[in-house]
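> What follows is query_21.pdb; its format and atoms are PDB, C-alpha atoms.
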ATOM      1  CA  MET A 253      15.591 -26.363 -38.382
ATOM      2  CA  TYR A 254      15.163 -26.265 -34.616
ATOM      3  CA  ARG A 255      18.220 -28.298 -33.674
ATOM      4  CA  PHE A 256      19.797 -25.083 -32.398
ATOM      5  CA  LEU A 257      17.462 -25.328 -29.396
ATOM      6  CA  LEU A 258      19.737 -28.086 -28.052
ATOM      7  CA  THR A 259      22.888 -25.936 -28.133
ATOM      8  CA  PRO A 260      24.419 -24.911 -24.767
ATOM      9  CA  ARG A 261      23.439 -21.263 -25.235
ATOM     10  CA  TRP A 262      19.789 -22.121 -25.834
ATOM     11  CA  LEU A 263      19.741 -24.681 -23.025
ATOM     12  CA  GLY A 264      20.635 -21.784 -20.709
ATOM     13  CA  VAL A 265      17.730 -19.764 -22.118
ATOM     14  CA  HIS A 266      15.359 -22.711 -21.563
ATOM     15  CA  LEU A 267      16.531 -23.066 -17.954
ATOM     16  CA  PHE A 268      15.892 -19.371 -17.295
ATOM     17  CA  VAL A 269      12.353 -19.620 -18.706
ATOM     18  CA  VAL A 270      11.586 -22.802 -16.757
ATOM     19  CA  LEU A 271      12.643 -21.104 -13.509
ATOM     20  CA  ALA A 272      11.240 -17.609 -14.197
ATOM     21  CA  VAL A 273       7.686 -18.548 -15.216
ATOM     22  CA  PRO A 274       6.838 -20.655 -12.104
ATOM     23  CA  PHE A 275       8.452 -18.017  -9.889
ATOM     24  CA  CYS A 276       6.324 -15.235 -11.410
ATOM     25  CA  VAL A 277       3.173 -17.350 -11.132
ATOM     26  CA  PHE A 278       3.982 -18.177  -7.500
ATOM     27  CA  MET A 279       4.560 -14.521  -6.594
ATOM     28  CA  GLY A 280       1.370 -13.477  -8.388
ATOM     29  CA  SER A 281      -0.632 -16.138  -6.564
ATOM     30  CA  TRP A 282       0.869 -15.061  -3.232
ATOM     31  CA  GLN A 283      -0.037 -11.411  -3.839
ATOM     32  CA  LEU A 284      -3.552 -12.491  -4.826
ATOM     33  CA  SER A 285      -3.889 -14.451  -1.583
ATOM     34  CA  ARG A 286      -2.804 -11.348   0.349
ATOM     35  CA  PHE A 287      -5.520  -9.335  -1.384
ATOM     36  CA  GLU A 288      -8.123 -12.000  -0.595
ATOM     37  CA  ASP A 289      -7.020 -12.003   3.062
ATOM     38  CA  ARG A 290      -7.531  -8.252   3.216
ATOM     39  CA  MET A 291     -10.944  -8.645   1.572
ATOM     40  CA  ASN A 292     -11.964 -11.208   4.195
ATOM     41  CA  SER A 293     -10.584  -9.022   6.960
ATOM     42  CA  HIS A 294     -12.572  -6.094   5.591
ATOM     43  CA  HIS A 295     -15.753  -8.187   5.559
ATOM     44  CA  VAL A 296     -15.167  -9.335   9.137
ATOM     45  CA  ALA A 297     -14.423  -5.759  10.216
ATOM     46  CA  GLU A 298     -17.692  -4.545   8.691
ATOM     47  CA  GLN A 299     -19.635  -7.144  10.625
ATOM     48  CA  ALA A 300     -17.681  -6.684  13.875
ATOM     49  CA  PRO A 301     -19.436  -3.506  15.068
ATOM     50  CA  LYS A 302     -22.859  -5.088  14.500
ATOM     51  CA  ALA A 303     -21.886  -8.245  16.361
ATOM     52  CA  ALA A 304     -20.255  -6.247  19.150
ATOM     53  CA  ALA A 305     -23.271  -3.976  19.496
ATOM     54  CA  SER A 306     -25.596  -6.957  19.852
ATOM     55  CA  ALA A 307     -23.417  -8.559  22.546
ATOM     56  CA  ALA A 308     -24.207  -8.004  26.205
ATOM     57  CA  PRO A 309     -22.467  -4.984  27.785
ATOM     58  CA  VAL A 310     -19.370  -5.688  29.849
ATOM     59  CA  ALA A 311     -17.634  -3.670  32.525
ATOM     60  CA  LEU A 312     -14.768  -1.433  31.467
ATOM     61  CA  ALA A 313     -12.356  -3.354  33.690
ATOM     62  CA  THR A 314     -13.097  -6.522  31.694
ATOM     63  CA  VAL A 315     -11.612  -5.154  28.465
ATOM     64  CA  LEU A 316      -9.354  -2.407  29.847
ATOM     65  CA  PRO A 317      -8.156  -3.453  33.309
ATOM     66  CA  ASP A 318      -5.758  -0.476  33.495
ATOM     67  CA  THR A 319      -4.564   2.525  31.493
ATOM     68  CA  LYS A 320      -1.807   0.484  29.835
ATOM     69  CA  ALA A 321      -4.209  -2.049  28.297
ATOM     70  CA  GLN A 322      -4.882  -1.608  24.591
ATOM     71  CA  VAL A 323      -8.083  -1.849  22.585
ATOM     72  CA  THR A 324      -7.888  -4.823  20.219
ATOM     73  CA  GLN A 325      -9.785  -5.671  17.049
ATOM     74  CA  ASP A 326     -11.909  -8.098  19.060
ATOM     75  CA  THR A 327     -12.896  -5.480  21.642
ATOM     76  CA  THR A 328     -13.396  -2.588  19.205
ATOM     77  CA  GLY A 329     -17.084  -1.694  19.104
ATOM     78  CA  ARG A 330     -17.867  -3.751  22.207
ATOM     79  CA  THR A 331     -20.468  -2.122  24.449
ATOM     80  CA  VAL A 332     -18.893  -1.359  27.820
ATOM     81  CA  THR A 333     -20.143   0.305  30.979
ATOM     82  CA  ALA A 334     -18.128   2.577  33.220
ATOM     83  CA  THR A 335     -19.013   4.304  36.482
ATOM     84  CA  GLY A 336     -17.552   7.592  37.632
ATOM     85  CA  ARG A 337     -17.956  11.350  37.621
ATOM     86  CA  TYR A 338     -17.810  13.633  34.598
ATOM     87  CA  ASP A 339     -15.018  16.211  34.768
ATOM     88  CA  THR A 340     -16.841  19.108  33.088
ATOM     89  CA  GLY A 341     -13.972  21.442  33.860
ATOM     90  CA  HIS A 342     -11.857  19.644  31.256
ATOM     91  CA  GLN A 343     -14.553  19.128  28.617
ATOM     92  CA  LEU A 344     -13.152  19.297  25.062
ATOM     93  CA  LEU A 345     -14.578  19.860  21.602
ATOM     94  CA  VAL A 346     -13.268  17.810  18.665
ATOM     95  CA  PRO A 347     -13.766  19.920  15.517
ATOM     96  CA  GLY A 348     -14.105  18.963  11.851
ATOM     97  CA  ARG A 349     -16.085  15.762  12.318
ATOM     98  CA  ASP A 350     -18.713  14.699   9.784
ATOM     99  CA  LEU A 351     -21.990  12.995  10.518
ATOM    100  CA  GLY A 352     -23.942  12.156   7.403
ATOM    101  CA  ASP A 353     -23.477  15.056   4.992
ATOM    102  CA  ARG A 354     -22.919  17.713   7.660
ATOM    103  CA  THR A 355     -19.780  18.888   9.443
ATOM    104  CA  GLY A 356     -19.698  19.555  13.148
ATOM    105  CA  TYR A 357     -17.809  18.581  16.280
ATOM    106  CA  TYR A 358     -17.743  15.970  19.000
ATOM    107  CA  VAL A 359     -18.334  16.818  22.645
ATOM    108  CA  LEU A 360     -15.794  14.886  24.712
ATOM    109  CA  THR A 361     -16.032  14.815  28.494
ATOM    110  CA  PRO A 362     -13.567  12.820  30.653
ATOM    111  CA  LEU A 363     -15.190  10.369  33.041
ATOM    112  CA  ARG A 364     -13.130  10.019  36.245
ATOM    113  CA  THR A 365     -13.382   6.430  37.461
ATOM    114  CA  ALA A 366     -12.958   5.172  40.996
ATOM    115  CA  GLY A 367      -9.290   4.415  40.329
ATOM    116  CA  GLY A 368      -8.573   8.042  39.450
ATOM    117  CA  ALA A 369      -7.932   7.511  35.725
ATOM    118  CA  ALA A 370     -10.253   9.031  33.146
ATOM    119  CA  LEU A 371     -12.138   7.406  30.316
ATOM    120  CA  PRO A 372     -12.693   9.780  27.362
ATOM    121  CA  VAL A 373     -16.431   9.805  26.604
ATOM    122  CA  VAL A 374     -17.818  11.289  23.394
ATOM    123  CA  ARG A 375     -21.265  12.315  24.576
ATOM    124  CA  GLY A 376     -22.413  13.194  21.063
ATOM    125  CA  TRP A 377     -22.090  15.338  17.948
ATOM    126  CA  LEU A 378     -23.312  18.829  17.182
ATOM    127  CA  PRO A 379     -23.370  20.619  13.810
ATOM    128  CA  GLY A 380     -21.469  23.822  13.172
ATOM    129  CA  ASP A 381     -18.104  25.348  13.956
ATOM    130  CA  ALA A 382     -16.545  24.355  17.261
ATOM    131  CA  SER A 383     -14.919  27.791  17.591
ATOM    132  CA  ALA A 384     -18.356  29.406  17.536
ATOM    133  CA  ALA A 385     -19.846  27.023  20.109
ATOM    134  CA  THR A 386     -21.125  28.433  23.404
ATOM    135  CA  PRO A 387     -21.652  26.627  26.721
ATOM    136  CA  ALA A 388     -25.372  27.364  26.466
ATOM    137  CA  GLY A 389     -25.593  25.445  23.203
ATOM    138  CA  ILE A 390     -24.008  22.290  24.637
ATOM    139  CA  PRO A 391     -26.063  20.113  27.002
ATOM    140  CA  ALA A 392     -24.436  19.844  30.399
ATOM    141  CA  ALA A 393     -23.067  16.503  31.511
ATOM    142  CA  PRO A 394     -24.907  14.767  34.382
ATOM    143  CA  ALA A 395     -23.573  15.619  37.805
ATOM    144  CA  GLY A 396     -22.583  13.126  40.499
ATOM    145  CA  ASP A 397     -21.855   9.441  40.047
ATOM    146  CA  VAL A 398     -23.117   8.109  36.733
ATOM    147  CA  THR A 399     -22.900   4.839  34.837
ATOM    148  CA  VAL A 400     -22.160   5.383  31.168
ATOM    149  CA  SER A 401     -22.696   2.820  28.400
ATOM    150  CA  GLY A 402     -21.100   3.110  24.979
ATOM    151  CA  ALA A 403     -19.123   1.471  22.181
ATOM    152  CA  LEU A 404     -15.425   1.071  22.884
ATOM    153  CA  GLN A 405     -13.126   2.646  20.275
ATOM    154  CA  PRO A 406      -9.360   2.458  19.760
ATOM    155  CA  PRO A 407      -7.228   5.623  19.904
ATOM    156  CA  GLU A 408      -7.267   7.686  16.738
ATOM    157  CA  ASN A 409      -4.198   8.207  14.580
ATOM    158  CA  THR A 410      -3.115  10.451  11.714
ATOM    159  CA  GLY A 411      -4.914   8.182   9.244
ATOM    160  CA  THR A 412      -8.295   8.547  10.949
ATOM    161  CA  GLN A 413     -10.774  10.618   8.980
ATOM    162  CA  GLY A 414     -11.286  14.098  10.409
ATOM    163  CA  VAL A 415      -8.172  14.087  12.589
ATOM    164  CA  GLN A 416      -6.286  17.392  12.820
ATOM    165  CA  SER A 417      -2.752  16.519  13.841
ATOM    166  CA  ALA A 418      -1.032  19.737  12.789
ATOM    167  CA  GLY A 419      -1.936  21.502  16.034
ATOM    168  CA  GLY A 420      -2.782  25.170  16.358
ATOM    169  CA  LEU A 421      -6.301  24.571  17.663
ATOM    170  CA  PRO A 422      -7.882  27.010  20.125
ATOM    171  CA  ARG A 423      -7.859  26.244  23.810
ATOM    172  CA  GLY A 424     -10.530  23.706  24.719
ATOM    173  CA  GLN A 425     -10.357  21.860  21.400
ATOM    174  CA  LEU A 426      -8.742  18.520  20.562
ATOM    175  CA  GLY A 427      -7.646  17.364  17.126
ATOM    176  CA  MET A 428      -7.134  13.656  17.844
ATOM    177  CA  ILE A 429      -8.818  11.406  20.405
ATOM    178  CA  SER A 430      -5.966   9.428  21.927
ATOM    179  CA  ALA A 431      -4.218   9.057  25.238
ATOM    180  CA  ALA A 432      -1.090  10.599  23.711
ATOM    181  CA  SER A 433      -3.038  13.776  22.896
ATOM    182  CA  LEU A 434      -5.076  13.904  26.094
ATOM    183  CA  VAL A 435      -2.107  13.433  28.412
ATOM    184  CA  ASN A 436      -1.013  16.959  27.464
ATOM    185  CA  VAL A 437      -4.307  18.569  28.514
ATOM    186  CA  LEU A 438      -5.547  16.412  31.386
ATOM    187  CA  PRO A 439      -3.891  16.320  34.838
ATOM    188  CA  TYR A 440      -4.464  12.594  35.360
ATOM    189  CA  GLU A 441      -3.971   9.254  33.664
ATOM    190  CA  VAL A 442      -6.149   8.382  30.668
ATOM    191  CA  TYR A 443      -7.300   5.044  29.295
ATOM    192  CA  SER A 444      -5.943   4.185  25.833
ATOM    193  CA  GLY A 445      -9.453   3.727  24.421
ATOM    194  CA  TRP A 446     -12.555   5.889  24.461
ATOM    195  CA  ILE A 447     -16.282   5.288  24.150
ATOM    196  CA  THR A 448     -19.081   6.876  22.164
ATOM    197  CA  VAL A 449     -22.312   6.824  24.159
ATOM    198  CA  THR A 450     -25.238   4.832  22.867
ATOM    199  CA  ASP A 451     -27.935   7.298  23.935
ATOM    200  CA  ALA A 452     -27.037  10.949  23.534
ATOM    201  CA  THR A 453     -28.887  13.790  25.220
ATOM    202  CA  ALA A 454     -30.685  16.004  22.686
ATOM    203  CA  PRO A 455     -29.691  18.002  20.759
ATOM    204  CA  LEU A 456     -26.524  15.886  20.829
ATOM    205  CA  LYS A 457     -26.566  13.090  18.272
ATOM    206  CA  PRO A 458     -24.847   9.765  19.015
ATOM    207  CA  VAL A 459     -21.620   9.101  17.116
ATOM    208  CA  PRO A 460     -21.706   5.670  15.408
ATOM    209  CA  PRO A 461     -18.783   3.395  16.254
ATOM    210  CA  ALA A 462     -16.116   2.921  13.596
ATOM    211  CA  ALA A 463     -14.687  -0.339  12.317
ATOM    212  CA  PRO A 464     -11.228  -1.435  13.524
ATOM    213  CA  SER A 465      -8.370   0.296  11.713
ATOM    214  CA  ASN A 466      -6.028  -1.467   9.258
ATOM    215  CA  THR A 467      -8.720  -3.962   8.285
ATOM    216  CA  GLY A 468     -10.362  -2.218   5.356
ATOM    217  CA  LEU A 469      -9.666  -1.963   1.654
ATOM    218  CA  ASP A 470      -6.833   0.513   2.046
ATOM    219  CA  LEU A 471      -4.015   1.359  -0.361
ATOM    220  CA  LYS A 472      -2.052  -1.763   0.602
ATOM    221  CA  ALA A 473      -4.921  -3.991  -0.500
ATOM    222  CA  PHE A 474      -5.000  -2.447  -3.953
ATOM    223  CA  GLN A 475      -1.212  -2.576  -4.117
ATOM    224  CA  ASN A 476      -1.445  -6.344  -3.600
ATOM    225  CA  LEU A 477      -3.940  -6.538  -6.460
ATOM    226  CA  GLY A 478      -1.680  -4.449  -8.690
ATOM    227  CA  TYR A 479       1.354  -6.605  -7.873
ATOM    228  CA  THR A 480      -0.709  -9.690  -8.744
ATOM    229  CA  GLY A 481      -1.306  -8.365 -12.242
ATOM    230  CA  GLU A 482       2.342  -7.354 -12.651
ATOM    231  CA  TRP A 483       3.686 -10.809 -11.758
ATOM    232  CA  PHE A 484       1.293 -12.552 -14.146
ATOM    233  CA  VAL A 485       2.245 -10.065 -16.885
ATOM    234  CA  PHE A 486       5.923 -10.835 -16.233
ATOM    235  CA  ALA A 487       5.234 -14.555 -16.632
ATOM    236  CA  GLY A 488       3.459 -13.964 -19.942
ATOM    237  CA  PHE A 489       6.233 -11.627 -21.101
ATOM    238  CA  VAL A 490       8.911 -14.264 -20.426
ATOM    239  CA  VAL A 491       6.997 -16.841 -22.504
ATOM    240  CA  PHE A 492       6.408 -14.299 -25.285
ATOM    241  CA  MET A 493      10.075 -13.302 -25.457
ATOM    242  CA  TRP A 494      11.184 -16.951 -25.514
ATOM    243  CA  PHE A 495       8.830 -17.666 -28.418
ATOM    244  CA  ARG A 496       9.916 -14.494 -30.227
ATOM    245  CA  LEU A 497      13.620 -15.294 -29.877
ATOM    246  CA  VAL A 498      13.099 -18.862 -31.103
ATOM    247  CA  ARG A 499      11.212 -17.644 -34.179
ATOM    248  CA  ARG A 500      13.833 -14.992 -34.886
ATOM    249  CA  GLU A 501      16.676 -17.489 -34.658
ATOM    250  CA  ALA A 502      14.830 -19.990 -36.866
ATOM    251  CA  GLU A 503      14.067 -17.327 -39.496
ATOM    252  CA  LEU A 504      17.683 -16.147 -39.476
ATOM    253  CA  ARG A 505      18.984 -19.664 -40.019
ATOM    254  CA  GLU A 506      16.431 -20.288 -42.763
ATOM    255  CA  ASP A 507      17.417 -17.092 -44.600
ATOM    256  CA  THR A 508      21.074 -18.007 -44.269
ATOM    257  CA  ALA A 509      20.411 -21.469 -45.725
ATOM    258  CA  LEU A 510      18.617 -19.886 -48.716
ATOM    259  CA  GLY A 511      21.542 -17.540 -49.308
ATOM    260  CA  LEU A 512      19.574 -14.417 -48.453
ATOM    261  CA  ILE A 513      22.059 -13.639 -45.684
ATOM    262  CA  PRO A 514      25.795 -14.385 -46.148
ATOM    263  CA  ASP A 515      26.884 -17.119 -43.783
ATOM    264  CA  GLN A 516      29.911 -15.206 -42.568
ATOM    265  CA  ASP A 517      31.088 -13.830 -39.321
ATOM    266  CA  PRO A 518      30.969 -10.007 -39.361
ATOM    267  CA  ALA A 519      34.465  -9.775 -37.885
ATOM    268  CA  ALA A 520      35.874 -12.073 -40.557
ATOM    269  CA  GLU A 521      34.049 -10.096 -43.250
ATOM    270  CA  LYS A 522      35.542  -6.860 -41.946
ATOM    271  CA  ALA A 523      39.046  -8.362 -41.934
ATOM    272  CA  GLU A 524      38.575  -9.632 -45.491
ATOM    273  CA  ASN A 525      37.462  -6.196 -46.708
ATOM    274  CA  ALA A 526      40.495  -4.595 -45.061
ATOM    275  CA  GLU A 527      42.798  -7.116 -46.748
ATOM    276  CA  LYS A 528      41.229  -6.454 -50.160
ATOM    277  CA  ALA A 529      41.666  -2.687 -49.715
ATOM    278  CA  GLU A 530      45.332  -3.156 -48.807
ATOM    279  CA  LYS A 531      45.969  -5.330 -51.883
ATOM    280  CA  ALA A 532      44.254  -2.806 -54.129
ATOM    281  CA  GLU A 533      46.415   0.007 -52.769
ATOM    282  CA  LYS A 534      49.599  -1.990 -53.359
ATOM    283  CA  ALA A 535      48.535  -2.809 -56.918
ATOM    284  CA  GLU A 536      47.846   0.864 -57.655
ATOM    285  CA  ASN A 537      51.280   1.903 -56.338
ATOM    286  CA  ALA A 538      52.981  -0.799 -58.417
ATOM    287  CA  ALA A 539      51.173   0.320 -61.604
ATOM    288  CA  THR A 540      52.400   3.955 -61.321
ATOM    289  CA  PRO A 541      56.121   3.849 -60.307
ATOM    290  CA  GLY A 542      56.939   7.177 -62.042
ATOM    291  CA  LYS A 543      54.592   9.364 -60.056
ATOM    292  CA  LEU A 544      57.015   9.771 -57.189
ATOM    293  CA  GLU A 545      59.873  10.727 -59.582
ATOM    294  CA  GLU A 546      57.706  13.325 -61.377
ATOM    295  CA  ALA A 547      56.871  14.938 -58.086
ATOM    296  CA  LEU A 548      60.615  15.477 -57.307
ATOM    297  CA  PRO A 549      62.506  18.473 -58.890
ATOM    298  CA  GLY A 550      64.857  17.607 -61.790
ATOM    299  CA  ASP A 551      68.697  17.836 -61.784
TER     300      ASP A 551
END
With the file now loaded, output its structure as structure tokens.


Amino acid sequence: MYRFLLTPRWLGVHLFVVLAVPFCVFMGSWQLSRFEDRMNSHHVAEQAPKAAASAAPVALATVLPDTKAQVTQDTTGRTVTATGRYDTGHQLLVPGRDLGDRTGYYVLTPLRTAGGAALPVVRGWLPGDASAATPAGIPAAPAGDVTVSGALQPPENTGTQGVQSAGGLPRGQLGMISAASLVNVLPYEVYSGWITVTDATAPLKPVPPAAPSNTGLDLKAFQNLGYTGEWFVFAGFVVFMWFRLVRREAELREDTALGLIPDQDPAAEKAENAEKAEKAEKAENAATPGKLEEALPGD
């Protein structure tokens, strides 16, 4: 009954199945490994701020030797110290930032270092609307030379929670903490990273450092998991369709052998029916030769 499986047409079907199933399984396994890598990266990223906070503080020049140096995943959250003078004349408020279940704003004051460049320092968080803030309600930054200690953070981007990148903020407010944003409001060079101070002056509350970006369970991670399921479903679908086609072919041949289905090519059957109709028409015309004469007018 199943000898048809050895015909050239079915050998081609077998070859497709043999190639498609391992390919789908391989792609599904690869997508699963990508998801697991992102899971491990997320776990490492969660532990990184704790490990960085427990490490001994290092000088700013150790991790950011100049304004062109970038904050890496390894240096994110690292406690650094920087010495300079606060530029209170260019202090900025960063609105729409949450701390716990309350919304408020960051107080960002540039720290001018000995080299002339500024390190953005988030001195703390205050509740309320930044537009309604008054100088009296914000603790003044220390005057003179100071040494500041805080957790190093990478520049924010449009995917950072709380960022307002559309613009239109009042003067003295900043929607995104990054050198690209600060270069438009500060008259000197700015380091690419910024720090959030460890000990904030009351009533300012310290801003906890964030984990490195692009290391969490973002949309791409769940896309990898979804693709994993799709590839495994494809593999199962190929096997199912092969089995279904084999059963259908076997049942068709069995019905044909039992006479339940005429063993005839549809094209040949159509031609035979046309030939029978033509013969019947000729026979009918031969049986009634006088019809044409009756239809003509007499002499």

> So which one's closest to Pro394 in chain A, A:Arg496, A:Arg364, A:His342, A:Arg337? Using all atoms listed in the file, please.

A:Arg337

> Do you have, as CSV, the list of residues of range 300-406 of chain A lying at most 10 Å from range 415-438 of chain A, each with its nearest atom pair and that distance in Å to one decimal, counting all atoms listed in the file and ordered by chain then number?


residue,atom,partner,partner_atom,distance
A:Thr319,CA,A:Ala431,CA,9.1
A:His342,CA,A:Leu438,CA,7.1
A:Gln343,CA,A:Gly424,CA,7.2
A:Leu344,CA,A:Gly424,CA,5.1
A:Leu345,CA,A:Gln425,CA,4.7
A:Val346,CA,A:Leu426,CA,5.0
A:Pro347,CA,A:Gly427,CA,6.8
A:Gly348,CA,A:Val415,CA,7.7
A:Arg349,CA,A:Val415,CA,8.1
A:Tyr357,CA,A:Gln425,CA,9.6
A:Tyr358,CA,A:Leu426,CA,9.5
A:Val359,CA,A:Gln425,CA,9.5
A:Leu360,CA,A:Ile429,CA,8.9
A:Pro362,CA,A:Leu438,CA,8.8
A:Ala370,CA,A:Leu438,CA,8.9
A:Leu371,CA,A:Ala431,CA,9.6
A:Pro372,CA,A:Ile429,CA,8.1
A:Val373,CA,A:Ile429,CA,9.9
A:Val374,CA,A:Ile429,CA,9.5
A:Ala382,CA,A:Gln425,CA,7.9
A:Ser383,CA,A:Pro422,CA,7.5
A:Gln405,CA,A:Ile429,CA,9.8
A:Pro406,CA,A:Ser430,CA,8.0

> Tell me, in Å to one decimal, how far CA of Pro387 in chain A is from CA of Val332 in chain A.

28.1 Å

> Decode the PyMOL selection byres ((chain A and resi 456) around 9) for the given file into explicit residues and return them as JSON, numbers by chain.

{"A": [358, 359, 375, 376, 377, 378, 390, 391, 452, 453, 454, 455, 457, 458]}

> Expanded to explicit residues, what is the PyMOL selection byres ((chain A and resi 280) around 9) for this file, as a list of chain:residue names?

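Residues picked by the PyMOL selection byres ((chain A and resi 280) around 9): A:Phe275, A:Cys276, A:Val277, A:Phe278, A:Met279, A:Ser281, A:Trp282, A:Gln283, A:Leu284, A:Ser285, A:Leu477, A:Tyr479, A:Thr480, A:Gly481, A:Glu482, A:Trp483, A:Phe484.
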
> Quote the spacing between CA of Thr361 in chain A and CA of Ala462 in chain A in Å to one decimal place.

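Atom-to-atom, CA of Thr361 in chain A and CA of Ala462 in chain A are spaced 19.1 Å apart.
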
> Using all atoms listed in the file, which of A:Glu506, A:Asp339, A:Asp318, A:Asp326 sits nearest Ala393 in chain A?

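Using all atoms listed in the file, the shortest distance to Ala393 in chain A belongs to A:Asp339.
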
> Between CA of Phe474 in chain A and CA of Ala487 in chain A, what is the distance in Å, rounded to a tenth?

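Separation between CA of Phe474 in chain A and CA of Ala487 in chain A: 20.3 Å.
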
> Using all atoms listed in the file, which of A:Val273, A:Thr314, A:Phe287, A:Gly411 sits nearest Phe492 in chain A?

A:Val273

> Give the answer as one residue: which of A:Thr412, A:Asn476, A:Ser293, A:Thr399 has the shortest atom-to-atom distance to Gly336 in chain A, using only C-alpha atoms?

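Of all the options, A:Thr399 lies closest to Gly336 in chain A.
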